[in-house]
>>> print(open('run_4.cif').read())   # mmCIF, C-alpha atoms
data_upload
#
loop_
_atom_site.label_atom_id
_atom_site.label_comp_id
_atom_site.auth_asym_id
_atom_site.auth_seq_id
_atom_site.Cartn_x
_atom_site.Cartn_y
_atom_site.Cartn_z
CA MET U 1 -18.18 -28.68 21.25
CA THR U 2 -17.61 -29.70 17.65
CA ALA U 3 -20.35 -27.32 16.52
CA THR U 4 -18.15 -24.29 17.19
CA GLU U 5 -15.13 -25.82 15.44
CA PRO U 6 -14.84 -24.98 11.76
CA ASP U 7 -15.27 -28.08 9.66
CA ASP U 8 -12.12 -29.21 7.93
CA THR U 9 -13.29 -28.19 4.49
CA ALA U 10 -14.00 -24.59 5.48
CA ARG U 11 -10.73 -24.41 7.37
CA ARG U 12 -8.70 -25.81 4.49
CA SER U 13 -10.40 -23.47 2.07
CA ALA U 14 -9.62 -20.44 4.27
CA ILE U 15 -5.97 -21.52 4.51
CA ARG U 16 -5.73 -22.09 0.75
CA ASP U 17 -7.23 -18.67 -0.02
CA SER U 18 -4.95 -17.00 2.52
CA LEU U 19 -1.82 -18.52 1.01
CA GLY U 20 -3.09 -17.57 -2.47
CA VAL U 21 -3.26 -13.93 -1.35
CA GLY U 22 0.30 -14.25 -0.04
CA LEU U 23 1.53 -15.54 -3.40
CA ALA U 24 -0.29 -12.76 -5.26
CA VAL U 25 1.46 -9.98 -3.32
CA GLY U 26 4.79 -11.59 -4.19
CA ALA U 27 4.71 -9.81 -7.56
CA TYR U 28 4.22 -6.55 -5.74
CA GLY U 29 7.14 -7.21 -3.38
CA PHE U 30 9.42 -7.80 -6.34
CA ALA U 31 8.45 -4.39 -7.73
CA PHE U 32 8.97 -2.78 -4.31
CA GLY U 33 12.45 -4.28 -3.91
CA ALA U 34 13.50 -3.03 -7.33
CA ALA U 35 11.94 0.43 -6.82
CA SER U 36 13.57 0.86 -3.42
CA VAL U 37 17.07 0.06 -4.69
CA ALA U 38 16.48 2.27 -7.74
CA ALA U 39 15.55 5.10 -5.32
CA GLY U 40 18.95 4.75 -3.63
CA LEU U 41 18.21 2.60 -0.58
CA SER U 42 20.57 -0.31 0.07
CA VAL U 43 19.42 -3.93 -0.23
CA LEU U 44 19.62 -4.17 3.59
CA GLN U 45 17.50 -1.03 4.14
CA THR U 46 15.00 -2.30 1.58
CA CYS U 47 14.68 -5.71 3.24
CA LEU U 48 14.39 -4.17 6.73
CA LEU U 49 11.46 -2.04 5.54
CA SER U 50 9.65 -5.13 4.26
CA LEU U 51 10.44 -7.18 7.37
CA LEU U 52 9.68 -4.53 9.98
CA ALA U 53 7.48 -1.80 8.48
CA PHE U 54 5.56 -4.52 6.58
CA THR U 55 2.87 -2.42 4.93
CA GLY U 56 3.25 -2.27 1.17
CA GLY U 57 1.54 0.95 0.13
CA THR U 58 3.48 2.93 2.72
CA GLN U 59 6.80 1.38 1.74
CA PHE U 60 6.15 2.24 -1.91
CA ALA U 61 5.13 5.80 -1.00
CA VAL U 62 8.26 6.38 1.09
CA VAL U 63 10.70 5.18 -1.58
CA GLY U 64 8.66 6.98 -4.25
CA VAL U 65 9.17 10.33 -2.50
CA VAL U 66 12.88 9.53 -2.00
CA ALA U 67 13.21 8.68 -5.71
CA GLY U 68 11.57 11.99 -6.62
CA GLY U 69 14.08 13.90 -4.49
CA GLY U 70 11.68 14.77 -1.63
CA THR U 71 12.70 15.56 1.93
CA LEU U 72 12.76 13.14 4.85
CA VAL U 73 9.70 14.85 6.34
CA ALA U 74 7.71 14.58 3.10
CA ALA U 75 8.64 10.90 2.66
CA LEU U 76 7.83 10.01 6.26
CA GLY U 77 4.65 12.11 6.28
CA SER U 78 3.21 10.49 3.14
CA GLY U 79 4.13 7.04 4.41
CA LEU U 80 2.66 7.40 7.88
CA LEU U 81 -0.54 9.09 6.68
CA LEU U 82 -1.03 6.12 4.37
CA ALA U 83 -0.26 3.73 7.24
CA SER U 84 -2.87 5.29 9.54
CA ARG U 85 -5.54 3.01 8.05
CA ASN U 86 -3.82 0.09 9.78
CA THR U 87 -4.93 1.63 13.11
CA LEU U 88 -8.56 1.32 11.98
CA TYR U 89 -7.95 -2.26 10.85
CA ALA U 90 -6.47 -3.10 14.25
CA MET U 91 -9.51 -1.64 16.04
CA ARG U 92 -11.75 -3.74 13.83
CA LEU U 93 -9.67 -6.90 14.34
CA ALA U 94 -9.04 -6.60 18.10
CA PRO U 95 -12.42 -8.02 19.23
CA LEU U 96 -12.49 -10.54 16.37
CA LEU U 97 -9.05 -12.03 17.02
CA ASN U 98 -9.42 -11.75 20.79
CA VAL U 99 -5.65 -11.71 21.27
CA ARG U 100 -4.13 -11.24 24.71
CA GLY U 101 -0.70 -10.51 26.13
CA ALA U 102 2.35 -10.91 23.94
CA ARG U 103 0.31 -12.21 20.99
CA ARG U 104 -1.18 -8.72 20.61
CA PHE U 105 2.26 -7.42 19.69
CA VAL U 106 2.63 -10.10 17.02
CA ALA U 107 -0.92 -9.59 15.72
CA ALA U 108 -0.21 -5.85 15.45
CA HIS U 109 2.71 -6.51 13.10
CA GLY U 110 0.47 -8.58 10.83
CA THR U 111 -2.33 -6.00 10.66
CA ILE U 112 -2.38 -4.97 6.98
CA ASP U 113 -4.86 -4.65 4.08
CA GLU U 114 -4.76 -8.31 3.07
CA SER U 115 -4.95 -10.00 6.49
CA THR U 116 -7.78 -7.67 7.56
CA ALA U 117 -9.78 -8.24 4.37
CA MET U 118 -9.38 -12.02 4.60
CA ALA U 119 -10.28 -12.11 8.33
CA ILE U 120 -13.39 -9.96 7.91
CA ALA U 121 -14.61 -12.00 4.93
CA GLN U 122 -15.00 -15.22 6.99
CA ARG U 123 -18.33 -16.53 8.31
CA THR U 124 -17.24 -17.34 11.86
CA PRO U 125 -14.74 -15.82 14.33
CA ILE U 126 -12.74 -19.06 14.35
CA LEU U 127 -12.36 -18.95 10.58
CA SER U 128 -11.48 -15.25 10.86
CA ARG U 129 -8.58 -16.13 13.13
CA VAL U 130 -7.43 -18.89 10.78
CA ALA U 131 -7.59 -16.49 7.82
CA PHE U 132 -5.82 -13.67 9.67
CA TRP U 133 -2.84 -15.75 10.83
CA TRP U 134 -2.43 -17.70 7.58
CA THR U 135 -2.69 -14.58 5.42
CA PHE U 136 -0.19 -12.83 7.68
CA ALA U 137 2.16 -15.83 7.39
CA GLY U 138 1.70 -16.15 3.62
CA VAL U 139 2.07 -12.46 2.83
CA PHE U 140 5.01 -12.08 5.22
CA THR U 141 6.88 -14.98 3.63
CA PHE U 142 6.33 -14.07 -0.02
CA TRP U 143 6.55 -10.29 0.49
CA ASN U 144 9.97 -10.56 2.12
CA LEU U 145 11.31 -13.19 -0.29
CA SER U 146 10.19 -11.19 -3.31
CA THR U 147 11.52 -7.93 -1.82
CA LEU U 148 14.95 -9.55 -1.47
CA LEU U 149 14.82 -10.93 -5.03
CA GLY U 150 13.66 -7.58 -6.46
CA ALA U 151 16.30 -5.61 -4.56
CA ALA U 152 19.14 -7.99 -5.38
CA GLY U 153 17.97 -8.22 -8.99
CA ALA U 154 17.83 -4.45 -9.41
CA SER U 155 21.30 -3.97 -7.97
CA ALA U 156 22.64 -6.69 -10.28
CA LEU U 157 20.82 -5.69 -13.46
CA GLY U 158 21.10 -1.90 -13.27
CA ASN U 159 18.42 0.60 -14.25
CA PRO U 160 15.10 -1.21 -13.65
CA ASN U 161 13.27 1.23 -15.92
CA ARG U 162 14.67 -0.78 -18.83
CA PHE U 163 12.32 -3.50 -17.59
CA GLY U 164 9.38 -1.13 -17.30
CA LEU U 165 9.46 -0.66 -13.52
CA ASP U 166 8.50 3.02 -13.87
CA ALA U 167 5.23 1.92 -15.54
CA VAL U 168 4.59 -0.77 -12.91
CA ILE U 169 4.65 1.61 -9.92
CA PRO U 170 1.73 3.89 -10.87
CA ALA U 171 -0.20 0.79 -12.01
CA ALA U 172 0.47 -0.79 -8.60
CA PHE U 173 -0.91 2.25 -6.80
CA LEU U 174 -3.94 2.19 -9.09
CA ALA U 175 -4.52 -1.48 -8.21
CA LEU U 176 -4.53 -0.54 -4.51
CA LEU U 177 -6.88 2.36 -5.21
CA ALA U 178 -9.35 0.47 -7.43
CA PRO U 179 -11.44 -1.31 -4.77
CA ARG U 180 -11.86 2.03 -2.98
CA LEU U 181 -13.02 3.71 -6.20
CA ARG U 182 -15.67 1.02 -6.54
CA ALA U 183 -16.88 1.71 -2.98
CA GLY U 184 -18.80 4.90 -3.71
CA ALA U 185 -19.20 8.34 -5.29
CA ILE U 186 -17.51 10.19 -2.41
CA GLU U 187 -14.44 7.99 -2.81
CA ARG U 188 -14.32 8.78 -6.52
CA ARG U 189 -14.66 12.50 -5.87
CA VAL U 190 -11.89 12.48 -3.27
CA ALA U 191 -9.66 10.49 -5.68
CA VAL U 192 -10.19 12.94 -8.54
CA GLY U 193 -9.54 15.83 -6.15
CA GLY U 194 -6.35 14.24 -4.83
CA ALA U 195 -5.11 13.50 -8.35
CA LEU U 196 -5.80 17.08 -9.54
CA ILE U 197 -4.10 18.65 -6.52
CA ALA U 198 -1.02 16.48 -7.14
CA ALA U 199 -0.91 17.25 -10.87
CA ILE U 200 -1.17 21.00 -10.29
CA LEU U 201 1.49 21.02 -7.55
CA ILE U 202 4.13 18.86 -9.29
CA PRO U 203 5.76 21.79 -11.16
CA ILE U 204 5.42 24.35 -8.36
CA THR U 205 6.26 22.59 -5.08
CA PRO U 206 9.22 20.45 -3.88
CA PRO U 207 8.91 16.69 -4.50
CA GLY U 208 6.76 14.94 -1.89
CA VAL U 209 4.54 17.94 -1.25
CA PRO U 210 2.02 17.09 -4.02
CA VAL U 211 1.27 13.77 -2.29
CA LEU U 212 0.95 15.29 1.20
CA ALA U 213 -1.20 18.16 -0.07
CA SER U 214 -3.62 15.75 -1.73
CA CYS U 215 -5.14 15.20 1.72
CA ALA U 216 -6.92 18.52 1.21
CA ALA U 217 -9.19 16.62 -1.18
CA LEU U 218 -10.87 15.19 1.93
CA LEU U 219 -12.64 18.51 2.28
CA LEU U 220 -14.63 17.45 -0.81
CA ALA U 221 -16.14 14.64 1.26
CA GLY U 222 -17.28 17.14 3.87
CA THR U 223 -19.83 18.75 1.56
CA VAL U 224 -21.93 15.59 1.65
CA ARG U 225 -21.55 14.06 5.08
CA GLY U 226 -20.75 16.98 7.36
CA ARG U 227 -17.28 18.41 7.64
CA PRO U 228 -14.78 15.71 8.58
CA ALA U 229 -13.50 16.16 12.13
CA MET M 1 18.85 12.85 3.23
CA ASN M 2 19.75 10.41 5.98
CA LEU M 3 18.18 7.24 4.64
CA TRP M 4 18.80 5.26 7.81
CA ALA M 5 16.85 7.83 9.84
CA LEU M 6 13.99 7.56 7.35
CA VAL M 7 14.01 3.74 7.40
CA ILE M 8 14.00 3.57 11.20
CA ALA M 9 11.34 6.28 11.62
CA THR M 10 9.13 4.53 9.04
CA ILE M 11 9.50 1.17 10.81
CA VAL M 12 8.77 2.60 14.27
CA GLY M 13 5.89 4.78 13.06
CA CYS M 14 4.20 1.98 11.10
CA TYR M 15 4.40 -0.43 14.01
CA LEU M 16 3.06 2.08 16.55
CA LEU M 17 0.13 2.94 14.26
CA LYS M 18 -0.79 -0.75 14.06
CA LEU M 19 -0.30 -1.36 17.77
CA ALA M 20 -2.39 1.68 18.74
CA GLY M 21 -5.51 -0.03 17.39
CA TYR M 22 -5.01 -2.92 19.84
CA LEU M 23 -3.94 -0.89 22.88
CA VAL M 24 -6.00 2.30 22.73
CA PRO M 25 -9.59 1.84 23.95
CA ALA M 26 -11.89 1.82 20.93
CA ARG M 27 -14.01 4.74 22.18
CA VAL M 28 -11.00 7.11 21.98
CA LEU M 29 -10.60 6.71 18.21
CA ASP M 30 -13.86 5.22 17.10
CA HIS M 31 -15.92 8.26 16.15
CA PRO M 32 -17.79 7.89 12.84
CA ARG M 33 -16.13 11.04 11.49
CA THR M 34 -12.62 9.96 12.47
CA ARG M 35 -13.29 6.55 10.93
CA ARG M 36 -14.53 8.09 7.69
CA LEU M 37 -11.57 10.46 7.56
CA VAL M 38 -9.08 7.62 7.99
CA GLU M 39 -10.94 5.56 5.37
CA LEU M 40 -10.79 8.39 2.83
CA LEU M 41 -7.19 9.43 3.53
CA PRO M 42 -5.67 6.56 1.48
CA VAL M 43 -8.03 7.37 -1.41
CA ALA M 44 -6.60 10.89 -1.78
CA LEU M 45 -3.01 9.77 -1.16
CA LEU M 46 -3.11 6.79 -3.54
CA ALA M 47 -4.70 8.89 -6.30
CA ALA M 48 -1.95 11.50 -5.85
CA LEU M 49 0.71 8.77 -5.91
CA VAL M 50 -0.69 7.40 -9.18
CA VAL M 51 -0.37 10.85 -10.77
CA VAL M 52 3.07 11.61 -9.33
CA GLU M 53 4.52 8.23 -10.29
CA ALA M 54 3.04 8.43 -13.79
CA LEU M 55 3.80 12.08 -14.59
CA ALA M 56 6.49 13.56 -12.32
CA ASN M 57 10.20 13.66 -12.88
CA GLY M 58 11.40 15.61 -9.85
CA ARG M 59 9.71 18.98 -10.17
CA HIS M 60 8.79 18.58 -13.83
CA LEU M 61 5.77 17.13 -15.53
CA GLU M 62 7.13 14.53 -17.91
CA PHE M 63 5.15 12.69 -20.57
CA ASN M 64 7.30 9.62 -21.10
CA GLY M 65 5.74 7.51 -23.88
CA PRO M 66 6.74 3.98 -22.83
CA ARG M 67 5.98 4.68 -19.17
CA LEU M 68 2.54 6.10 -19.92
CA ALA M 69 1.74 3.30 -22.39
CA GLY M 70 2.76 0.67 -19.82
CA PHE M 71 0.71 2.41 -17.15
CA ALA M 72 -2.30 2.61 -19.52
CA VAL M 73 -2.13 -1.12 -20.23
CA GLY M 74 -1.80 -1.81 -16.49
CA ALA M 75 -4.78 0.46 -15.83
CA VAL M 76 -6.92 -1.48 -18.30
CA ALA M 77 -5.90 -4.70 -16.52
CA VAL M 78 -6.93 -3.15 -13.16
CA TRP M 79 -10.23 -2.02 -14.65
CA ARG M 80 -10.83 -5.55 -16.01
CA ARG M 81 -10.14 -6.84 -12.46
CA ALA M 82 -7.13 -8.83 -13.57
CA PRO M 83 -4.97 -10.46 -10.85
CA PHE M 84 -2.17 -8.26 -9.53
CA LEU M 85 0.52 -10.36 -11.24
CA VAL M 86 -1.14 -9.72 -14.61
CA VAL M 87 -1.24 -5.96 -13.93
CA VAL M 88 2.48 -5.87 -13.09
CA VAL M 89 3.59 -8.03 -16.02
CA ALA M 90 1.36 -6.22 -18.54
CA ALA M 91 2.66 -2.78 -17.49
CA ALA M 92 6.31 -3.87 -17.38
CA VAL M 93 6.30 -5.78 -20.68
CA THR M 94 4.56 -2.95 -22.54
CA ALA M 95 7.02 -0.30 -21.35
CA ALA M 96 10.06 -2.55 -21.84
CA LEU M 97 9.08 -3.57 -25.39
CA LEU M 98 8.42 0.05 -26.42
CA ARG M 99 11.91 0.97 -25.15
CA LEU M 100 13.46 -1.79 -27.24
CA ALA M 101 11.61 -0.66 -30.35
#
>>> encode(input="run_4.cif", output="structure tokens")
Amino acid sequence: MTATEPDDTARRSAIRDSLGVGLAVGAYGFAFGAASVAAGLSVLQTCLLSLLAFTGGTQFAVVGVVAGGGTLVAALGSGLLLASRNTLYAMRLAPLLNVRGARRFVAAHGTIDESTAMAIAQRTPILSRVAFWWTFAGVFTFWNLSTLLGAAGASALGNPNRFGLDAVIPAAFLALLAPRLRAGAIERRVAVGGALIAAILIPITPPGVPVLASCAALLLAGTVRGRPA
Amino acid sequence: MNLWALVIATIVGCYLLKLAGYLVPARVLDHPRTRRLVELLPVALLAALVVVEALANGRHLEFNGPRLAGFAVGAVAVWRRAPFLVVVVAAAVTAALLRLA
């Protein structure tokens, strides 16, 4: 049944794009490694987060709250709320990848923004599977390598703010936010609401709380499409 | 704070959230409102993180010139849809050069 097989060109192009995405997040991993060590985590703790938590926005959020002096609950809460989108991705990917048995547990680990976006963008389910696994492999490799380099570099070179790391982190969050801002007016309203709540709470609540409390901005979405459940 | 407890709880929590999507029957979680809520959650959180990382120093609002300038240059790069590497390098180089000056 050659008709259901992806032709070599399409397959090669999906693999090339997937590895390109992996390389691109390398820059981000470097920043995470440096930020994590600057926040007070050890190189080992930093690398374990990248290897085993393996979801960039959450990792950044957790070490960001630690760096700001927040509590364990605030750091974990922000991180896991941000990670909850991976559950939606997994639900979307499950029928597409059609994974069974032990492979489900491996596929779960690779379910992140990049692998989901690349899988969904393909024309056929076979290409989706190629894109998912190759993006997972590419991002996993470069994310972990660059985390190690960033963490080791930061512990060797001292204060990473000399190299502008403190400017990189908010820009990195903005880069993650940007495609969502382009998605619609409700997204933009929720973003402005979340940003305002955080700005107002910074001087009056303990570190970490401004990020958690920003979730209240979701109520702004309820005025248009029924109150969120 | 016990950093090891935080690292382990983050790892376990993140993995279980991913796995849940494969193991839990879709109808349990797949209500349009739940879906929309989970889609919008990162929007609020990421926007708050941008503000906190740009402006907070512990419990104080801090307007640090090189940091804000680097962030602004990075933001323009994001707006111009530059690749992520360009965003990172532009923000870092701007802040670092202003600190040297």
>>> closest_residue(input="run_4.cif", among="U:Asn159, U:Leu51, U:Ala221, U:Thr205", to="U:Ile186", atoms="all atoms listed in the file")
U:Ala221
>>> residues_around(input="run_4.cif", residues="U:Phe32", least_positions_apart="3", cutoff="7 Å", atoms="all atoms listed in the file", output="list of chain:residue names")
U:Tyr28, U:Gly29, U:Ala35, U:Ser36, U:Phe60, U:Thr147
>>> atom_distance(input="run_4.cif", atom1="atom CA of U:Val73", atom2="atom CA of M:Ala44")
18.6 Å
>>> closest_residue(input="run_4.cif", among="M:Cys14, M:Leu3, M:Leu100, M:Leu61", to="U:Thr58", atoms="all atoms listed in the file")
M:Cys14
>>> atom_distance(input="run_4.cif", atom1="atom CA of U:Ala213", atom2="atom CA of U:Ser78")
9.4 Å
>>> resolve_selection(input="run_4.cif", expression="the PyMOL selection byres ((chain M and resi 13) around 12)", output="ChimeraX atom specification")
/U:49,52-55,58-59,76-84,86-87,109 /M:5-12,14-20
>>> build_atoms(input="run_4.cif", residues="stretch 20-49 of chain M", atoms="N, CA and C atoms", output="PDB file, in the coordinates of the input")
ATOM      1  N   ALA M  20      -1.442   0.772  18.084  1.00  0.00           N
ATOM      2  CA  ALA M  20      -2.390   1.680  18.740  1.00  0.00           C
ATOM      3  C   ALA M  20      -3.812   1.134  18.673  1.00  0.00           C
ATOM      4  N   GLY M  21      -4.159   0.498  17.547  1.00  0.00           N
ATOM      5  CA  GLY M  21      -5.510  -0.030  17.390  1.00  0.00           C
ATOM      6  C   GLY M  21      -5.829  -1.142  18.385  1.00  0.00           C
ATOM      7  N   TYR M  22      -4.786  -1.847  18.873  1.00  0.00           N
ATOM      8  CA  TYR M  22      -5.010  -2.920  19.840  1.00  0.00           C
ATOM      9  C   TYR M  22      -4.972  -2.404  21.278  1.00  0.00           C
ATOM     10  N   LEU M  23      -4.175  -1.334  21.500  1.00  0.00           N
ATOM     11  CA  LEU M  23      -3.940  -0.890  22.880  1.00  0.00           C
ATOM     12  C   LEU M  23      -4.856   0.244  23.313  1.00  0.00           C
ATOM     13  N   VAL M  24      -5.178   1.146  22.371  1.00  0.00           N
ATOM     14  CA  VAL M  24      -6.000   2.300  22.730  1.00  0.00           C
ATOM     15  C   VAL M  24      -7.457   1.859  22.798  1.00  0.00           C
ATOM     16  N   PRO M  25      -8.172   2.223  23.875  1.00  0.00           N
ATOM     17  CA  PRO M  25      -9.590   1.840  23.950  1.00  0.00           C
ATOM     18  C   PRO M  25     -10.355   2.352  22.735  1.00  0.00           C
ATOM     19  N   ALA M  26     -11.218   1.517  22.191  1.00  0.00           N
ATOM     20  CA  ALA M  26     -11.890   1.820  20.930  1.00  0.00           C
ATOM     21  C   ALA M  26     -12.610   3.172  20.985  1.00  0.00           C
ATOM     22  N   ARG M  27     -13.188   3.526  22.142  1.00  0.00           N
ATOM     23  CA  ARG M  27     -14.010   4.740  22.180  1.00  0.00           C
ATOM     24  C   ARG M  27     -13.177   6.005  21.933  1.00  0.00           C
ATOM     25  N   VAL M  28     -11.848   5.933  22.186  1.00  0.00           N
ATOM     26  CA  VAL M  28     -11.000   7.110  21.980  1.00  0.00           C
ATOM     27  C   VAL M  28     -10.920   7.482  20.502  1.00  0.00           C
ATOM     28  N   LEU M  29     -10.818   6.454  19.640  1.00  0.00           N
ATOM     29  CA  LEU M  29     -10.600   6.710  18.210  1.00  0.00           C
ATOM     30  C   LEU M  29     -11.839   6.466  17.366  1.00  0.00           C
ATOM     31  N   ASP M  30     -12.811   5.767  17.934  1.00  0.00           N
ATOM     32  CA  ASP M  30     -13.860   5.220  17.100  1.00  0.00           C
ATOM     33  C   ASP M  30     -15.058   6.141  16.925  1.00  0.00           C
ATOM     34  N   HIS M  31     -14.809   7.397  16.532  1.00  0.00           N
ATOM     35  CA  HIS M  31     -15.920   8.260  16.150  1.00  0.00           C
ATOM     36  C   HIS M  31     -16.201   8.060  14.668  1.00  0.00           C
ATOM     37  N   PRO M  32     -17.477   8.088  14.257  1.00  0.00           N
ATOM     38  CA  PRO M  32     -17.790   7.890  12.840  1.00  0.00           C
ATOM     39  C   PRO M  32     -17.014   8.839  11.928  1.00  0.00           C
ATOM     40  N   ARG M  33     -16.837  10.085  12.354  1.00  0.00           N
ATOM     41  CA  ARG M  33     -16.130  11.040  11.490  1.00  0.00           C
ATOM     42  C   ARG M  33     -14.649  10.724  11.383  1.00  0.00           C
ATOM     43  N   THR M  34     -14.031  10.344  12.508  1.00  0.00           N
ATOM     44  CA  THR M  34     -12.620   9.960  12.470  1.00  0.00           C
ATOM     45  C   THR M  34     -12.458   8.742  11.556  1.00  0.00           C
ATOM     46  N   ARG M  35     -13.342   7.781  11.727  1.00  0.00           N
ATOM     47  CA  ARG M  35     -13.290   6.550  10.930  1.00  0.00           C
ATOM     48  C   ARG M  35     -13.378   6.877   9.442  1.00  0.00           C
ATOM     49  N   ARG M  36     -14.330   7.734   9.095  1.00  0.00           N
ATOM     50  CA  ARG M  36     -14.530   8.090   7.690  1.00  0.00           C
ATOM     51  C   ARG M  36     -13.316   8.821   7.142  1.00  0.00           C
ATOM     52  N   LEU M  37     -12.759   9.707   7.972  1.00  0.00           N
ATOM     53  CA  LEU M  37     -11.570  10.460   7.560  1.00  0.00           C
ATOM     54  C   LEU M  37     -10.417   9.507   7.269  1.00  0.00           C
ATOM     55  N   VAL M  38     -10.202   8.542   8.174  1.00  0.00           N
ATOM     56  CA  VAL M  38      -9.080   7.620   7.990  1.00  0.00           C
ATOM     57  C   VAL M  38      -9.341   6.685   6.817  1.00  0.00           C
ATOM     58  N   GLU M  39     -10.619   6.389   6.539  1.00  0.00           N
ATOM     59  CA  GLU M  39     -10.940   5.560   5.370  1.00  0.00           C
ATOM     60  C   GLU M  39     -10.663   6.297   4.067  1.00  0.00           C
ATOM     61  N   LEU M  40     -10.923   7.619   4.079  1.00  0.00           N
ATOM     62  CA  LEU M  40     -10.790   8.390   2.830  1.00  0.00           C
ATOM     63  C   LEU M  40      -9.358   8.874   2.589  1.00  0.00           C
ATOM     64  N   LEU M  41      -8.566   8.954   3.661  1.00  0.00           N
ATOM     65  CA  LEU M  41      -7.190   9.430   3.530  1.00  0.00           C
ATOM     66  C   LEU M  41      -6.401   8.643   2.462  1.00  0.00           C
ATOM     67  N   PRO M  42      -6.417   7.288   2.504  1.00  0.00           N
ATOM     68  CA  PRO M  42      -5.670   6.560   1.480  1.00  0.00           C
ATOM     69  C   PRO M  42      -6.197   6.812   0.067  1.00  0.00           C
ATOM     70  N   VAL M  43      -7.473   7.121  -0.068  1.00  0.00           N
ATOM     71  CA  VAL M  43      -8.030   7.370  -1.410  1.00  0.00           C
ATOM     72  C   VAL M  43      -7.346   8.577  -2.032  1.00  0.00           C
ATOM     73  N   ALA M  44      -7.260   9.679  -1.272  1.00  0.00           N
ATOM     74  CA  ALA M  44      -6.600  10.890  -1.780  1.00  0.00           C
ATOM     75  C   ALA M  44      -5.112  10.642  -2.020  1.00  0.00           C
ATOM     76  N   LEU M  45      -4.459   9.986  -1.055  1.00  0.00           N
ATOM     77  CA  LEU M  45      -3.010   9.770  -1.160  1.00  0.00           C
ATOM     78  C   LEU M  45      -2.659   8.836  -2.317  1.00  0.00           C
ATOM     79  N   LEU M  46      -3.413   7.745  -2.462  1.00  0.00           N
ATOM     80  CA  LEU M  46      -3.110   6.790  -3.540  1.00  0.00           C
ATOM     81  C   LEU M  46      -3.351   7.417  -4.903  1.00  0.00           C
ATOM     82  N   ALA M  47      -4.424   8.218  -5.019  1.00  0.00           N
ATOM     83  CA  ALA M  47      -4.700   8.890  -6.300  1.00  0.00           C
ATOM     84  C   ALA M  47      -3.558   9.848  -6.637  1.00  0.00           C
ATOM     85  N   ALA M  48      -3.066  10.577  -5.621  1.00  0.00           N
ATOM     86  CA  ALA M  48      -1.950  11.500  -5.850  1.00  0.00           C
ATOM     87  C   ALA M  48      -0.691  10.724  -6.240  1.00  0.00           C
ATOM     88  N   LEU M  49      -0.474   9.575  -5.593  1.00  0.00           N
ATOM     89  CA  LEU M  49       0.710   8.770  -5.910  1.00  0.00           C
ATOM     90  C   LEU M  49       0.655   8.227  -7.329  1.00  0.00           C
TER      91      LEU M  49
END
